[in-house]
Amino acid sequence: MYARCFKRVIDFSLSLCGIVVLLPVLLVLMIIGAVKMKGNPFFCQERPGLHEKVFKLIKFRTMTNERDENGELLPDEKRLIPYGKFLRSTSLDELPELFNILKGDMAIVGPRPLLVKYLPWYTEEQRKRHHVRPGLTGYAQAHGRNAVNWDEKFEMDIWYVEHVSFRTDAGIILDTIQAVLKREGISSETSATMEDFRDYCRSIGRTPRKGQE
């Protein structure tokens, strides 16, 4: 009952209140971001949501668009400037996603929306993460964030899908606040962000679903 009826009402109400209350912060970060990034302070990217329906996620940019002599983007760690690291460590880069929640593309709590290019590489079990709306935060983000490996991340995502409740969501929100204050799990052990899921799949011998490479 909660997941079908009340969760969306709560998400809409909280996101609207959040936008109103945090509007001054959003405006300040827009201005600072435009200066630091020398242009558009926003990062928009297509992500799969509920039932794998693709939507456009919006965040504050944390990385520059610097490229090498061949026109290829530099590695994440070279494009992630100090200002971007601050945004990530405080999760302020996620604030624009309140508009995604208001629109209905996302929820306050749910599995984090990953990249569209990962879809063909999921197992049938892992695809269950799309049985609910993706979240601003989730069980995996409150318990390790980018420091946990892909297997652990998906296990936590599926656990959440199977245990959605008001109590679960409230606990995840409280745990997320604690993790943000401690600035835990910002980077993985081997990357400034999170390793590419496709590379992980190849390392364990998994191939994409036929016809969806």
# chains A, B, ... in the order shown; residues from 1 in each chain; ligands from 1
call {"tool": "residues_around", "arguments": {"residues": "A:Val164", "least_positions_apart": "4", "cutoff": "7 Å", "atoms": "only C-alpha atoms", "output": "mmCIF file with all heavy atoms, in the first residue's frame"}}
result
data_model
loop_
_atom_site.group_PDB
_atom_site.id
_atom_site.type_symbol
_atom_site.label_atom_id
_atom_site.label_comp_id
_atom_site.auth_asym_id
_atom_site.auth_seq_id
_atom_site.Cartn_x
_atom_site.Cartn_y
_atom_site.Cartn_z
ATOM 1 N N ALA A 3 4.048 1.654 -1.029
ATOM 2 C CA ALA A 3 4.774 1.817 -2.293
ATOM 3 C C ALA A 3 3.842 2.243 -3.427
ATOM 4 O O ALA A 3 4.237 3.025 -4.299
ATOM 5 C CB ALA A 3 5.487 0.518 -2.662
ATOM 6 N N TYR A 160 16.323 -3.632 -1.286
ATOM 7 C CA TYR A 160 15.413 -2.508 -1.088
ATOM 8 C C TYR A 160 14.098 -2.718 -1.834
ATOM 9 O O TYR A 160 13.013 -2.499 -1.276
ATOM 10 C CB TYR A 160 16.052 -1.191 -1.557
ATOM 11 C CG TYR A 160 15.068 -0.046 -1.497
ATOM 12 C CD1 TYR A 160 14.763 0.567 -0.285
ATOM 13 C CD2 TYR A 160 14.394 0.376 -2.651
ATOM 14 C CE1 TYR A 160 13.812 1.573 -0.217
ATOM 15 C CE2 TYR A 160 13.446 1.385 -2.581
ATOM 16 C CZ TYR A 160 13.162 1.981 -1.362
ATOM 17 O OH TYR A 160 12.211 2.974 -1.297
ATOM 18 N N THR A 168 11.556 1.618 6.194
ATOM 19 C CA THR A 168 12.807 1.413 5.466
ATOM 20 C C THR A 168 13.317 2.735 4.889
ATOM 21 O O THR A 168 14.492 3.071 5.011
ATOM 22 C CB THR A 168 12.613 0.403 4.325
ATOM 23 O OG1 THR A 168 12.209 -0.857 4.874
ATOM 24 C CG2 THR A 168 13.913 0.207 3.550
#
call {"tool": "closest_atom_pairs", "arguments": {"of": "stretch 50-125 of chain A", "to": "stretch 8-26 of chain A", "cutoff": "8 Å", "atoms": "only C-alpha atoms", "output": "CSV"}}
result
residue,atom,partner,partner_atom,distance
A:Leu95,CA,A:Leu26,CA,7.5
A:Pro96,CA,A:Leu26,CA,7.7
A:Leu98,CA,A:Ser15,CA,5.3
A:Phe99,CA,A:Ser15,CA,7.2
A:Ile101,CA,A:Ser15,CA,6.3
A:Leu102,CA,A:Phe12,CA,5.1
A:Lys103,CA,A:Phe12,CA,8.0
A:Gly104,CA,A:Phe12,CA,7.7
A:Ala107,CA,A:Asp11,CA,5.8
A:Ile108,CA,A:Asp11,CA,5.8
call {"tool": "write_last_selection", "arguments": {"atoms": "all heavy atoms", "output": "short mmCIF file (atom, residue, chain, number, x, y, z; two decimals), in the first residue's frame"}}
result
data_model
loop_
_atom_site.label_atom_id
_atom_site.label_comp_id
_atom_site.auth_asym_id
_atom_site.auth_seq_id
_atom_site.Cartn_x
_atom_site.Cartn_y
_atom_site.Cartn_z
N LEU A 95 21.37 18.06 -5.63
CA LEU A 95 20.19 18.86 -5.30
C LEU A 95 19.24 19.10 -6.49
O LEU A 95 18.02 19.06 -6.30
CB LEU A 95 20.62 20.21 -4.71
CG LEU A 95 21.16 20.16 -3.27
CD1 LEU A 95 21.47 21.58 -2.79
CD2 LEU A 95 20.17 19.50 -2.34
N PRO A 96 19.74 19.35 -7.70
CA PRO A 96 18.80 19.56 -8.82
C PRO A 96 17.89 18.36 -9.10
O PRO A 96 16.86 18.51 -9.77
CB PRO A 96 19.74 19.84 -10.01
CG PRO A 96 20.95 20.43 -9.39
CD PRO A 96 21.13 19.65 -8.11
N LEU A 98 15.94 17.15 -7.21
CA LEU A 98 14.65 17.42 -6.58
C LEU A 98 13.60 17.70 -7.65
O LEU A 98 12.42 17.36 -7.48
CB LEU A 98 14.76 18.60 -5.61
CG LEU A 98 15.53 18.35 -4.31
CD1 LEU A 98 15.74 19.66 -3.56
CD2 LEU A 98 14.79 17.35 -3.43
N PHE A 99 14.01 18.30 -8.75
CA PHE A 99 13.08 18.57 -9.84
C PHE A 99 12.69 17.27 -10.55
O PHE A 99 11.55 17.14 -11.02
CB PHE A 99 13.70 19.56 -10.84
CG PHE A 99 13.86 20.95 -10.28
CD1 PHE A 99 15.08 21.36 -9.74
CD2 PHE A 99 12.79 21.83 -10.27
CE1 PHE A 99 15.23 22.64 -9.22
CE2 PHE A 99 12.93 23.11 -9.74
CZ PHE A 99 14.15 23.52 -9.22
N ILE A 101 12.41 14.46 -9.01
CA ILE A 101 11.47 13.83 -8.07
C ILE A 101 10.11 14.49 -8.19
O ILE A 101 9.08 13.81 -8.23
CB ILE A 101 12.01 13.94 -6.64
CG1 ILE A 101 13.34 13.20 -6.50
CG2 ILE A 101 10.99 13.38 -5.64
CD1 ILE A 101 14.05 13.43 -5.18
N LEU A 102 10.09 15.81 -8.26
CA LEU A 102 8.83 16.54 -8.39
C LEU A 102 8.08 16.11 -9.65
O LEU A 102 6.85 15.95 -9.63
CB LEU A 102 9.12 18.05 -8.44
CG LEU A 102 7.92 18.99 -8.37
CD1 LEU A 102 7.29 18.93 -6.98
CD2 LEU A 102 8.33 20.42 -8.69
N LYS A 103 8.82 15.91 -10.72
CA LYS A 103 8.22 15.51 -12.00
C LYS A 103 7.72 14.07 -11.97
O LYS A 103 6.81 13.71 -12.72
CB LYS A 103 9.27 15.68 -13.10
CG LYS A 103 8.76 15.39 -14.49
CD LYS A 103 9.86 15.56 -15.52
CE LYS A 103 9.39 15.15 -16.92
NZ LYS A 103 10.50 15.25 -17.91
N GLY A 104 8.30 13.23 -11.13
CA GLY A 104 7.87 11.84 -11.05
C GLY A 104 8.84 10.85 -11.66
O GLY A 104 8.56 9.65 -11.71
N ALA A 107 12.41 9.15 -7.03
CA ALA A 107 11.85 9.18 -5.69
C ALA A 107 12.92 9.70 -4.73
O ALA A 107 14.09 9.84 -5.11
CB ALA A 107 11.41 7.78 -5.26
N ILE A 108 12.53 10.00 -3.52
CA ILE A 108 13.52 10.40 -2.52
C ILE A 108 14.46 9.23 -2.25
O ILE A 108 15.68 9.37 -2.22
CB ILE A 108 12.85 10.84 -1.20
CG1 ILE A 108 11.94 12.05 -1.42
CG2 ILE A 108 13.92 11.15 -0.14
CD1 ILE A 108 12.68 13.32 -1.77
#
call {"tool": "residues_around", "arguments": {"residues": "A:Glu94", "least_positions_apart": "6", "cutoff": "9 Å", "atoms": "only C-alpha atoms", "output": "number ranges by chain"}}
result
A: 58-60, 87-88, 136
call {"tool": "residues_around", "arguments": {"residues": "A:Val116", "least_positions_apart": "6", "cutoff": "10 Å", "atoms": "only C-alpha atoms", "output": "list in words"}}
result
Gln45, Glu46, Arg47, Pro48, Gly49, Glu52, Lys53, Val54 and Phe55 of chain A
call {"tool": "closest_residue", "arguments": {"among": "A:Arg61, A:Thr137, A:Arg202, A:Val132", "to": "A:Ile32", "atoms": "only C-alpha atoms"}}
result
A:Arg61
call {"tool": "closest_residue", "arguments": {"among": "A:Asp199, A:Glu155, A:Glu66, A:Glu124", "to": "A:Pro111", "atoms": "only C-alpha atoms"}}
result
A:Glu155
call {"tool": "residues_around", "arguments": {"residues": "A:Leu80", "least_positions_apart": "3", "cutoff": "7 Å", "atoms": "only C-alpha atoms", "output": "VMD selection string"}}
result
chain A and resid 62 to 64 76 to 77 84 to 85
call {"tool": "atom_distance", "arguments": {"atom1": "atom CA of A:Phe43", "atom2": "atom CA of A:Met30"}}
result
11.4 Å
call {"tool": "atom_distance", "arguments": {"atom1": "atom CA of A:Thr90", "atom2": "atom CA of A:Gly33"}}
result
14.8 Å
call {"tool": "select_by_dssp", "arguments": {"residues": "stretch 1-205 of chain A", "states": "strand (DSSP E or B)", "output": "list in words"}}
result
Phe42, Phe43, Cys44, Gln45, Glu46, Arg47, Pro48, Val54, Phe55, Lys56, Leu57, Ile58, Lys59, Phe60, Met63, Arg67, Leu73, Leu80, Ala107, Ile108, Val109, Gly135, Leu136 and Thr137 of chain A
call {"tool": "closest_residue", "arguments": {"among": "A:Pro82, A:Gly144, A:Pro120, A:Pro75", "to": "A:Asp175", "atoms": "only C-alpha atoms"}}
result
A:Gly144
call {"tool": "closest_residue", "arguments": {"among": "A:Arg4, A:Gly171, A:Trp150, A:Trp121", "to": "A:Met194", "atoms": "only C-alpha atoms"}}
result
A:Trp150
call {"tool": "atom_distance", "arguments": {"atom1": "atom CA of A:Val109", "atom2": "atom CA of A:Arg198"}}
result
25.2 Å
call {"tool": "closest_residue", "arguments": {"among": "A:Asn40, A:Gln141, A:Gln126, A:Asn65", "to": "A:Ala179", "atoms": "only C-alpha atoms"}}
result
A:Gln141
call {"tool": "closest_residue", "arguments": {"among": "A:Leu57, A:Leu115, A:Leu92, A:Ile172", "to": "A:Tyr139", "atoms": "only C-alpha atoms"}}
result
A:Ile172
call {"tool": "residues_around", "arguments": {"residues": "A:Met1", "least_positions_apart": "4", "cutoff": "12 Å", "atoms": "only C-alpha atoms", "output": "list of chain:residue names"}}
result
A:Cys5, A:Phe6, A:Lys7, A:Arg8, A:Val164, A:Ser165, A:Phe166
call {"tool": "write_last_selection", "arguments": {"atoms": "N, CA, C and O atoms", "output": "tab-separated table (two decimals), in the first residue's frame"}}
result
chain	number	residue	atom	x	y	z
A	5	CYS	N	0.73	3.82	-3.15
A	5	CYS	CA	-0.08	5.02	-2.95
A	5	CYS	C	0.63	6.18	-2.27
A	5	CYS	O	0.70	7.28	-2.82
A	6	PHE	N	1.14	5.95	-1.09
A	6	PHE	CA	1.62	7.04	-0.26
A	6	PHE	C	3.04	7.51	-0.60
A	6	PHE	O	3.37	8.69	-0.42
A	7	LYS	N	3.87	6.62	-1.11
A	7	LYS	CA	5.27	6.98	-1.37
A	7	LYS	C	5.38	8.14	-2.36
A	7	LYS	O	6.14	9.08	-2.15
A	8	ARG	N	4.61	8.10	-3.45
A	8	ARG	CA	4.66	9.16	-4.44
A	8	ARG	C	4.16	10.49	-3.88
A	8	ARG	O	4.72	11.55	-4.17
A	164	VAL	N	10.43	-2.41	0.42
A	164	VAL	CA	10.00	-1.01	0.42
A	164	VAL	C	8.94	-0.79	1.50
A	164	VAL	O	7.93	-1.51	1.55
A	165	SER	N	9.20	0.19	2.34
A	165	SER	CA	8.23	0.55	3.38
A	165	SER	C	8.59	1.94	3.89
A	165	SER	O	9.70	2.44	3.65
A	166	PHE	N	7.66	2.58	4.58
A	166	PHE	CA	7.94	3.89	5.16
A	166	PHE	C	9.09	3.80	6.16
A	166	PHE	O	9.97	4.67	6.20
call {"tool": "select_by_dssp", "arguments": {"residues": "stretch 6-187 of chain A", "states": "alpha helix (DSSP H)", "output": "PyMOL selection string"}}
result
chain A and resi 7-36+76-79+82-90+97-103+139-142+150-162+166-182
